[in-house]
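Data block for input.csv (CSV, C-alpha atoms):
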```csv
chain,number,residue,atom,x,y,z
A,1,MET,CA,-1.1,-4.3,-12.2
A,2,ILE,CA,-2.0,-5.4,-8.7
A,3,TYR,CA,-5.3,-3.9,-7.6
A,4,LYS,CA,-6.9,-3.6,-4.1
A,5,GLU,CA,-10.5,-3.0,-3.3
A,6,PHE,CA,-11.4,0.1,-1.3
A,7,GLN,CA,-15.1,0.5,-0.7
A,8,ASP,CA,-16.6,0.9,-4.2
A,9,LYS,CA,-13.2,1.6,-5.9
A,10,LYS,CA,-10.5,-0.6,-7.4
A,11,LEU,CA,-7.2,1.1,-6.7
A,12,SER,CA,-3.8,0.2,-8.2
A,13,GLN,CA,-1.7,-0.8,-5.2
A,14,LEU,CA,1.1,1.3,-6.6
A,15,GLY,CA,0.4,5.1,-6.4
A,16,PHE,CA,2.4,7.9,-8.0
A,17,GLY,CA,3.7,10.2,-5.2
A,18,THR,CA,4.7,13.7,-6.4
A,19,MET,CA,6.9,14.9,-3.6
A,20,ARG,CA,10.1,14.1,-5.5
A,21,LEU,CA,9.4,15.0,-9.1
A,22,PRO,CA,12.2,15.3,-11.6
A,23,LEU,CA,13.9,18.7,-11.7
A,24,ASN,CA,15.6,20.9,-14.2
A,25,GLU,CA,19.0,22.4,-13.5
A,26,ASP,CA,17.4,25.6,-12.2
A,27,GLY,CA,15.4,23.6,-9.6
A,28,SER,CA,12.1,23.9,-11.5
A,29,ILE,CA,10.0,20.7,-12.1
A,30,ASP,CA,10.8,18.9,-15.4
A,31,GLU,CA,7.3,19.0,-16.6
A,32,PRO,CA,7.8,17.1,-19.9
A,33,GLN,CA,9.3,14.2,-18.0
A,34,VAL,CA,6.5,14.3,-15.5
A,35,GLN,CA,4.0,14.0,-18.4
A,36,LYS,CA,5.9,11.0,-19.8
A,37,MET,CA,5.9,9.4,-16.3
A,38,THR,CA,2.2,10.0,-15.9
A,39,ASP,CA,1.5,8.6,-19.3
A,40,TRP,CA,3.5,5.5,-18.6
A,41,ALA,CA,1.7,5.1,-15.2
A,42,MET,CA,-1.7,5.3,-16.8
A,43,GLU,CA,-0.7,2.9,-19.5
A,44,GLN,CA,0.5,0.3,-16.9
A,45,GLY,CA,-2.7,0.6,-14.9
A,46,VAL,CA,-1.7,3.0,-12.1
A,47,ASN,CA,-4.7,5.1,-11.2
A,48,TYR,CA,-3.8,6.8,-8.0
A,49,PHE,CA,-1.9,10.1,-7.9
A,50,ASP,CA,-0.9,11.8,-4.6
A,51,THR,CA,0.1,15.5,-4.1
A,52,ALA,CA,0.1,18.0,-1.2
A,53,TYR,CA,0.0,21.7,-0.7
A,54,PRO,CA,3.7,22.2,0.3
A,55,TYR,CA,5.3,19.8,-2.3
A,56,HIS,CA,7.8,21.6,-4.6
A,57,GLY,CA,6.9,25.0,-3.1
A,58,GLY,CA,3.3,24.6,-4.2
A,59,ASN,CA,4.0,23.6,-7.7
A,60,SER,CA,3.5,19.8,-7.5
A,61,GLU,CA,-0.3,20.3,-7.5
A,62,ARG,CA,-0.1,22.4,-10.6
A,63,VAL,CA,2.1,20.1,-12.5
A,64,ILE,CA,0.3,16.8,-11.7
A,65,GLY,CA,-3.0,18.6,-12.4
A,66,ARG,CA,-1.8,19.5,-15.9
A,67,ALA,CA,-0.3,16.1,-16.5
A,68,LEU,CA,-3.7,14.4,-15.7
A,69,ALA,CA,-5.8,17.0,-17.6
A,70,LYS,CA,-5.6,15.0,-20.9
A,71,TYR,CA,-7.3,12.0,-19.3
A,72,PRO,CA,-11.0,11.6,-18.4
A,73,ARG,CA,-11.6,12.7,-14.8
A,74,GLU,CA,-13.2,9.3,-13.9
A,75,SER,CA,-10.1,7.4,-15.1
A,76,PHE,CA,-7.8,8.4,-12.2
A,77,TYR,CA,-8.0,9.1,-8.5
A,78,LEU,CA,-6.3,12.3,-7.2
A,79,ALA,CA,-5.3,12.8,-3.5
A,80,ASP,CA,-4.4,16.1,-1.9
A,81,LYS,CA,-3.7,17.2,1.7
A,82,TYR,CA,-4.5,20.1,4.0
A,83,PRO,CA,-1.3,21.5,5.7
A,84,GLY,CA,-2.5,21.9,9.2
A,85,HIS,CA,0.8,20.5,10.4
A,86,GLN,CA,2.6,23.6,9.3
A,87,VAL,CA,3.1,26.3,12.0
A,88,ALA,CA,1.0,29.3,11.1
A,89,SER,CA,-0.7,32.2,12.9
A,90,VAL,CA,-4.1,31.3,11.3
A,91,TYR,CA,-5.6,28.3,9.5
A,92,ASP,CA,-8.1,28.8,6.8
A,93,PRO,CA,-9.2,25.4,5.3
A,94,LYS,CA,-11.7,27.0,2.9
A,95,ALA,CA,-9.1,29.3,1.3
A,96,ILE,CA,-6.5,26.5,1.0
A,97,PHE,CA,-9.0,23.9,-0.3
A,98,GLU,CA,-10.4,26.2,-3.0
A,99,GLU,CA,-6.9,27.1,-4.1
A,100,GLN,CA,-5.9,23.4,-4.3
A,101,LEU,CA,-8.9,22.6,-6.5
A,102,GLU,CA,-8.0,25.4,-8.8
A,103,LYS,CA,-4.3,24.5,-8.9
A,104,CYS,CA,-5.1,20.9,-9.7
A,105,GLY,CA,-7.8,21.9,-12.2
A,106,VAL,CA,-10.4,19.6,-10.7
A,107,ASP,CA,-13.9,20.0,-9.2
A,108,TYR,CA,-13.3,17.4,-6.5
A,109,PHE,CA,-10.7,15.3,-4.8
A,110,ASP,CA,-11.1,11.5,-4.7
A,111,PHE,CA,-9.0,11.3,-1.5
A,112,TYR,CA,-8.2,14.1,0.9
A,113,LEU,CA,-6.0,13.9,3.9
A,114,LEU,CA,-5.3,15.9,7.1
A,115,HIS,CA,-1.5,16.3,6.5
A,116,ASN,CA,0.7,14.8,9.3
A,117,VAL,CA,-1.5,14.6,12.4
A,118,TYR,CA,1.1,14.2,15.1
A,119,GLU,CA,1.9,15.3,18.6
A,120,ASN,CA,2.0,19.0,17.9
A,121,SER,CA,-0.5,19.3,15.1
A,122,MET,CA,-3.4,17.3,16.5
A,123,ASP,CA,-4.6,20.2,18.6
A,124,VAL,CA,-4.6,22.4,15.5
A,125,TYR,CA,-6.8,19.9,13.6
A,126,LEU,CA,-9.2,19.6,16.6
A,127,ASP,CA,-9.3,23.3,17.6
A,128,PRO,CA,-12.9,24.5,17.1
A,129,GLN,CA,-11.5,28.0,16.4
A,130,TRP,CA,-10.3,26.8,13.0
A,131,GLY,CA,-13.1,24.3,12.3
A,132,ILE,CA,-10.8,22.2,10.1
A,133,LEU,CA,-12.4,18.8,10.5
A,134,ASP,CA,-16.0,20.1,10.3
A,135,TYR,CA,-15.1,22.0,7.1
A,136,PHE,CA,-13.7,18.9,5.4
A,137,LYS,CA,-16.6,16.7,6.6
A,138,GLU,CA,-18.9,19.2,4.9
A,139,GLN,CA,-16.9,19.1,1.7
A,140,LYS,CA,-17.3,15.4,1.8
A,141,ARG,CA,-21.1,15.8,2.2
A,142,LEU,CA,-21.1,18.1,-0.8
A,143,GLY,CA,-19.1,15.6,-2.9
A,144,LYS,CA,-16.0,17.8,-3.3
A,145,ILE,CA,-14.2,15.1,-1.3
A,146,LYS,CA,-15.0,11.5,-1.9
A,147,HIS,CA,-12.9,9.9,0.9
A,148,LEU,CA,-11.5,11.6,3.9
A,149,GLY,CA,-8.4,10.4,5.8
A,150,PHE,CA,-5.1,11.5,7.4
A,151,SER,CA,-1.4,11.0,7.2
A,152,THR,CA,0.8,10.8,10.3
A,153,HIS,CA,4.3,10.5,11.7
A,154,ALA,CA,3.0,10.3,15.2
A,155,ARG,CA,3.9,7.9,17.9
A,156,PRO,CA,1.5,4.9,18.4
A,157,ASP,CA,0.0,6.3,21.5
A,158,THR,CA,-0.8,9.6,19.7
A,159,LEU,CA,-2.2,7.7,16.7
A,160,ARG,CA,-4.5,5.8,19.1
A,161,LYS,CA,-5.6,9.0,20.8
A,162,PHE,CA,-6.5,10.6,17.5
A,163,LEU,CA,-8.5,7.6,16.4
A,164,GLU,CA,-10.4,7.5,19.7
A,165,ILE,CA,-11.5,11.0,18.9
A,166,CYS,CA,-11.9,11.0,15.1
A,167,GLY,CA,-11.7,7.4,14.0
A,168,GLU,CA,-15.3,7.4,12.9
A,169,ASP,CA,-14.6,10.2,10.4
A,170,MET,CA,-11.4,8.7,9.0
A,171,GLU,CA,-11.6,6.3,6.1
A,172,PHE,CA,-7.9,5.6,5.6
A,173,CYS,CA,-4.5,6.5,7.1
A,174,GLN,CA,-1.1,7.1,5.5
A,175,ILE,CA,2.0,6.1,7.5
A,176,GLN,CA,5.7,5.8,7.0
A,177,LEU,CA,6.2,2.1,6.5
A,178,ASN,CA,9.1,0.0,5.3
A,179,TYR,CA,11.1,-2.9,6.6
A,180,LEU,CA,13.5,-0.6,8.4
A,181,ASP,CA,10.8,1.4,10.1
A,182,TRP,CA,8.9,-1.7,11.0
A,183,THR,CA,10.8,-1.5,14.3
A,184,LEU,CA,12.7,1.8,14.0
A,185,GLN,CA,9.6,4.0,13.9
A,186,GLN,CA,7.2,1.4,15.5
A,187,ALA,CA,5.4,0.9,12.2
A,188,LYS,CA,4.4,-2.6,13.2
A,189,GLU,CA,2.5,-1.2,16.2
A,190,LYS,CA,0.9,1.5,14.1
A,191,CYS,CA,-0.3,-1.1,11.6
A,192,GLU,CA,-1.8,-3.2,14.4
A,193,ILE,CA,-3.7,-0.2,15.7
A,194,LEU,CA,-5.1,0.7,12.3
A,195,ASN,CA,-6.1,-2.9,11.7
A,196,GLU,CA,-7.8,-2.9,15.1
A,197,TYR,CA,-9.9,0.1,13.9
A,198,ASN,CA,-10.4,-1.4,10.5
A,199,ILE,CA,-8.8,1.6,8.8
A,200,PRO,CA,-7.0,0.8,5.5
A,201,ILE,CA,-3.3,1.6,5.4
A,202,TRP,CA,-1.7,3.9,2.9
A,203,VAL,CA,2.2,3.6,2.7
A,204,MET,CA,4.6,6.5,2.3
A,205,GLU,CA,8.4,6.2,2.2
A,206,PRO,CA,8.3,2.5,1.1
A,207,VAL,CA,12.1,2.5,0.4
A,208,ARG,CA,13.0,5.3,2.8
A,209,GLY,CA,13.6,8.0,0.2
A,210,GLY,CA,15.8,5.6,-1.8
A,211,LYS,CA,18.0,4.4,1.1
A,212,LEU,CA,16.6,0.9,1.0
A,213,SER,CA,17.3,0.8,-2.8
A,214,LYS,CA,21.1,1.1,-2.2
A,215,LEU,CA,22.2,-1.6,0.1
A,216,THR,CA,25.8,-2.8,0.8
A,217,GLU,CA,27.3,-5.2,-1.6
A,218,ALA,CA,27.1,-8.0,1.0
A,219,GLN,CA,23.4,-7.2,1.7
A,220,GLU,CA,22.6,-7.2,-2.0
A,221,LEU,CA,24.4,-10.5,-2.5
A,222,LYS,CA,22.2,-12.1,0.2
A,223,LEU,CA,19.0,-10.9,-1.6
A,224,LYS,CA,20.3,-12.0,-5.1
A,225,GLU,CA,21.0,-15.5,-3.9
A,226,LEU,CA,17.3,-15.9,-3.2
A,227,ARG,CA,15.8,-13.8,-5.9
A,228,PRO,CA,18.3,-13.1,-8.7
A,229,GLU,CA,15.8,-11.2,-10.8
A,230,GLU,CA,14.6,-8.8,-8.1
A,231,SER,CA,16.3,-5.4,-7.2
A,232,ALA,CA,16.7,-4.2,-3.6
A,233,THR,CA,13.8,-1.8,-4.4
A,234,ALA,CA,11.6,-4.6,-5.5
A,235,TRP,CA,12.3,-6.5,-2.2
A,236,GLY,CA,11.2,-3.5,-0.2
A,237,LEU,CA,8.0,-3.2,-2.1
A,238,ARG,CA,7.3,-7.0,-2.0
A,239,PHE,CA,7.6,-6.7,1.8
A,240,LEU,CA,4.9,-4.1,1.9
A,241,GLN,CA,2.5,-5.8,-0.6
A,242,GLU,CA,1.7,-8.5,2.0
A,243,VAL,CA,1.4,-6.4,5.2
A,244,PRO,CA,-2.1,-6.9,6.5
A,245,GLY,CA,-4.3,-3.8,5.9
A,246,VAL,CA,-2.0,-2.2,3.3
A,247,THR,CA,-4.1,-1.0,0.4
A,248,MET,CA,-2.0,1.7,-1.2
A,249,ILE,CA,1.8,2.0,-1.6
A,250,LEU,CA,3.0,5.4,-2.7
A,251,SER,CA,6.3,5.8,-4.4
A,252,GLY,CA,7.9,9.2,-4.9
A,253,MET,CA,9.3,8.4,-8.3
A,254,SER,CA,11.9,11.0,-9.6
A,255,ASN,CA,12.5,9.6,-13.1
A,256,MET,CA,11.3,7.2,-15.8
A,257,ASP,CA,13.6,4.5,-14.6
A,258,HIS,CA,11.9,4.5,-11.2
A,259,MET,CA,8.5,4.4,-12.8
A,260,VAL,CA,9.3,1.6,-15.2
A,261,GLU,CA,10.9,-0.6,-12.4
A,262,ASN,CA,8.2,0.0,-9.9
A,263,THR,CA,5.3,-0.7,-12.3
A,264,LYS,CA,7.0,-3.9,-13.3
A,265,THR,CA,7.2,-4.9,-9.6
A,266,PHE,CA,3.5,-4.4,-9.3
A,267,GLU,CA,2.5,-6.4,-12.4
A,268,GLU,CA,1.9,-9.5,-10.2
A,269,ARG,CA,2.2,-10.6,-6.6
A,270,LYS,CA,5.3,-12.6,-5.7
A,271,PRO,CA,5.0,-12.9,-1.9
A,272,LEU,CA,8.1,-13.2,0.2
A,273,SER,CA,8.5,-16.3,2.3
A,274,GLU,CA,8.9,-16.2,6.0
A,275,ALA,CA,12.6,-16.7,5.6
A,276,GLU,CA,12.8,-13.9,3.1
A,277,VAL,CA,11.0,-11.5,5.5
A,278,ASP,CA,13.3,-12.5,8.3
A,279,LEU,CA,16.3,-11.7,6.0
A,280,LEU,CA,15.0,-8.2,5.4
A,281,LEU,CA,14.4,-7.6,9.1
A,282,GLU,CA,17.9,-8.9,9.8
A,283,ILE,CA,19.3,-6.4,7.2
A,284,ALA,CA,17.3,-3.7,8.8
A,285,GLU,CA,18.8,-4.4,12.2
A,286,SER,CA,22.3,-4.3,10.8
A,287,MET,CA,21.6,-0.9,9.4
A,288,LYS,CA,20.9,0.6,12.7
A,289,ASP,CA,23.5,2.3,14.8
A,290,SER,CA,21.2,2.4,17.8
A,291,VAL,CA,21.1,2.3,21.6
A,292,PRO,CA,19.5,-1.0,22.7
A,293,CYS,CA,16.6,0.5,24.7
A,294,THR,CA,13.7,-1.9,25.3
A,295,ALA,CA,11.4,0.7,26.8
A,296,CYS,CA,11.2,-1.0,30.1
A,297,ARG,CA,10.9,2.5,31.7
A,298,TYR,CA,12.9,1.7,34.8
A,299,CYS,CA,14.9,4.8,34.1
A,300,CYS,CA,11.8,7.1,34.2
A,301,ASP,CA,10.9,6.4,37.8
A,302,GLY,CA,14.1,8.0,39.2
A,303,CYS,CA,14.6,10.8,36.7
A,304,PRO,CA,14.5,14.1,38.7
A,305,LYS,CA,13.4,16.0,35.5
A,306,GLY,CA,10.6,13.5,34.7
A,307,LEU,CA,11.9,12.9,31.2
A,308,ASP,CA,10.3,10.2,29.0
A,309,ILE,CA,13.6,8.6,28.4
A,310,PRO,CA,12.5,5.7,26.1
A,311,VAL,CA,10.7,8.1,23.8
A,312,LEU,CA,13.8,10.3,23.6
A,313,LEU,CA,16.1,7.3,23.0
A,314,ALA,CA,13.8,6.0,20.2
A,315,ALA,CA,13.9,9.5,18.6
A,316,TYR,CA,17.7,9.5,19.1
A,317,ASN,CA,18.0,6.2,17.1
A,318,GLU,CA,15.9,7.7,14.3
A,319,ILE,CA,17.8,11.0,14.2
A,320,LYS,CA,21.2,9.1,14.1
A,321,TYR,CA,20.0,7.0,11.2
A,322,LEU,CA,18.4,9.9,9.2
A,323,PRO,CA,19.1,13.4,10.6
A,324,ASN,CA,16.5,15.5,8.9
A,325,VAL,CA,13.5,17.7,9.7
A,326,ASN,CA,11.0,14.9,9.9
A,327,SER,CA,13.0,12.9,12.4
A,328,VAL,CA,13.6,15.8,14.8
A,329,MET,CA,10.1,17.3,14.4
A,330,PRO,CA,8.5,15.4,17.3
A,331,ILE,CA,11.3,16.5,19.7
A,332,GLN,CA,11.4,20.1,18.6
A,333,PHE,CA,7.8,20.6,19.5
A,334,MET,CA,8.1,19.0,23.0
A,335,PRO,CA,7.9,21.3,26.0
A,336,ASP,CA,11.3,22.6,26.9
A,337,ASP,CA,11.4,20.8,30.2
A,338,LYS,CA,10.8,17.5,28.4
A,339,LYS,CA,13.4,17.9,25.6
A,340,PRO,CA,16.9,16.2,25.8
A,341,THR,CA,18.3,19.6,26.7
A,342,ALA,CA,16.5,19.3,30.1
A,343,CYS,CA,18.8,16.3,31.1
A,344,ILE,CA,21.1,17.4,34.0
A,345,GLY,CA,23.4,14.4,33.6
A,346,CYS,CA,22.9,13.1,37.2
A,347,GLY,CA,23.3,9.5,36.0
A,348,LYS,CA,20.5,8.0,38.1
A,349,CYS,CA,19.1,6.4,34.9
A,350,VAL,CA,22.4,4.7,34.1
A,351,LYS,CA,22.5,2.9,37.4
A,352,ILE,CA,19.1,1.3,36.9
A,353,CYS,CA,19.2,0.7,33.1
A,354,PRO,CA,19.2,-3.1,32.5
A,355,GLN,CA,20.9,-2.5,29.1
A,356,ASN,CA,23.7,-0.4,30.6
A,357,ILE,CA,23.0,2.5,28.3
A,358,ASN,CA,24.9,5.7,29.0
A,359,ILE,CA,21.6,7.7,28.7
A,360,PRO,CA,23.0,11.2,29.6
A,361,GLU,CA,25.7,10.8,26.9
A,362,ALA,CA,23.2,9.7,24.3
A,363,LEU,CA,21.0,12.7,25.1
A,364,LYS,CA,23.9,15.0,24.9
A,365,ASP,CA,24.9,13.6,21.5
A,366,MET,CA,21.3,14.0,20.4
A,367,VAL,CA,21.3,17.7,21.3
A,368,GLU,CA,24.4,18.2,19.2
A,369,ILE,CA,23.0,16.4,16.2
A,370,MET,CA,19.8,18.4,16.4
A,371,LYS,CA,21.7,21.7,16.4
A,372,LYS,CA,22.7,21.0,12.8
A,373,ILE,CA,19.2,20.3,11.6
A,374,PRO,CA,16.8,23.2,10.5
A,375,SER,CA,13.7,23.6,12.7
A,376,TRP,CA,10.3,22.8,11.4
A,377,LEU,CA,9.3,26.4,12.0
A,378,ASP,CA,12.0,27.6,9.6
A,379,ILE,CA,11.0,25.1,7.0
A,380,CYS,CA,7.4,26.2,7.2
A,381,LYS,CA,8.4,29.8,6.8
A,382,GLU,CA,10.5,29.0,3.7
A,383,ARG,CA,7.6,27.0,2.2
A,384,GLU,CA,5.1,29.7,2.9
A,385,GLU,CA,7.4,32.3,1.1
A,386,ALA,CA,7.9,29.9,-1.8
A,387,ALA,CA,4.1,29.4,-2.1
A,388,LYS,CA,3.5,33.1,-2.1
A,389,LYS,CA,6.0,33.6,-4.9
A,390,ASN,CA,4.4,30.9,-7.0
A,391,LYS,CA,0.9,32.3,-6.8
```
Here is a file; write its structure as structure tokens.
Amino acid sequence: MIYKEFQDKKLSQLGFGTMRLPLNEDGSIDEPQVQKMTDWAMEQGVNYFDTAYPYHGGNSERVIGRALAKYPRESFYLADKYPGHQVASVYDPKAIFEEQLEKCGVDYFDFYLLHNVYENSMDVYLDPQWGILDYFKEQKRLGKIKHLGFSTHARPDTLRKFLEICGEDMEFCQIQLNYLDWTLQQAKEKCEILNEYNIPIWVMEPVRGGKLSKLTEAQELKLKELRPEESATAWGLRFLQEVPGVTMILSGMSNMDHMVENTKTFEERKPLSEAEVDLLLEIAESMKDSVPCTACRYCCDGCPKGLDIPVLLAAYNEIKYLPNVNSVMPIQFMPDDKKPTACIGCGKCVKICPQNINIPEALKDMVEIMKKIPSWLDICKEREEAAKKNK
């Protein structure tokens, strides 16, 4: 197992993420299989396990807690997250935190994160009315949290803003990082910012929820020509193993096959060459059906509605590739007068765009795609109801 140093700890670089645990036919978690996966992980040297309050309607914490209960507490590191990103009328960090400790069956968390600090949730986390950050800093002082950090899907400018305010209190940061999002979600820029602040990087979605494990036949052939023994999944993980600042790579493994393959990939380092990295980034570009916006911002000066067009087009590219709640979330929480629906189709932006992008048409298409995706508020309500039923 590849290990990385983090302060006084030696962490397996592969972590077991529990957002996508195996399920039974009725939708419940297949707990016996989770136990087998956990046992295998421990045998192979994996010592980091990650859960969160909303995962599996609140049951992920319970199941991974029970799976780890047979092992000495000091033999593994457990991470959990506070759901301040969820839309709610009140935020009670004390009640949630104590519930999480009970559900996981532990007295403390080795790692604890503010869950998804992004454009809309940052104000919640910093609002003195809720005292969220102060509460968790106090739990760290008391030893109930060993290391405090945060996860984020925010844009680079928001990430920097949060670090300017809270960077001294954050020991690590979890971002969505893979060779596709290296450019698609500006992960490269986010890594550079975190390295600038000397904050170790935790990786989520290393193979994009499995999408980077299932390439086209032609793409697979190119990889096999260079590394016949490595799967597409292994290529994606090898890419991340060498990114400067990356300490932890979390994989949301859903069955024993995933667990066995991934632990094998982390038995030893096999760094990609510069040519191999270039091949992955070439494949990533071929996967994008995107508008070629370079963020020159010429279009912004003449927009009568004052829209941040490059931000909207970057989100459009993301939504087109993967139309789900995470991809539309930053747009759904924008002020109404800054959303793509505010575009009046005047065409001034088109006349000045060096890339000749039909911006009004792209924003119109974006609106139509978003209509088919549930809002984050609806998702939060569903998860809240599920959590209540499972208590």
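With all atoms listed in the file as the atoms that count, the residue of A:Gly302, A:Gly167, A:Gly149, A:Gly252 with the shortest distance to Val207 of chain A is A:Gly252.
Computed from the coordinates, the atom CA of Tyr3 of chain A to atom CA of Asp169 of chain A distance equals 24.7 Å.
Between Gln44 of chain A and the candidates A:Met122, A:Ile96, A:Leu184, A:Ile2, the tightest atom-to-atom separation, counting only C-alpha atoms, involves A:Ile2.
Every protein, DNA or RNA residue with an atom at most 12 Å from segment 70-72 of chain A, where all atoms listed in the file count and chain neighbours fewer than 4 positions away do not, is listed here: Gln35, Thr38, Asp39, Met42, Glu43, Asn47, Ile64, Gly65, Arg66, Phe76, Tyr77, Gly105 and Val106 of chain A.
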Counting all atoms listed in the file, the residue of A:Asp127, A:Glu119, A:Glu61, A:Asp8 that sits nearest Glu102 of chain A:
A:Glu61
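The coordinates place atom CA of Gln186 of chain A at 10.6 Å from atom CA of Asp157 of chain A.
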His147 of chain A surroundings by all atoms listed in the file, 12 Å radius, close-in-sequence under 5 positions cut, as a PyMOL selection string:
chain A and resi 6-9+77-81+108-114+136-142+169-173+200
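Nearest residue to Lys305 of chain A, choosing from A:Cys349, A:Met370, A:Leu281, A:Met204 and counting all atoms listed in the file: A:Cys349.
The closest residue to Asp308 of chain A, picked from A:Ala154, A:Val277, A:Met329, A:Leu363 and counting only C-alpha atoms, is A:Leu363.
Shortest atom-to-atom contact with Ile132 of chain A among A:Arg238, A:Ile344, A:Leu180, A:Lys94: A:Lys94, counting only C-alpha atoms.
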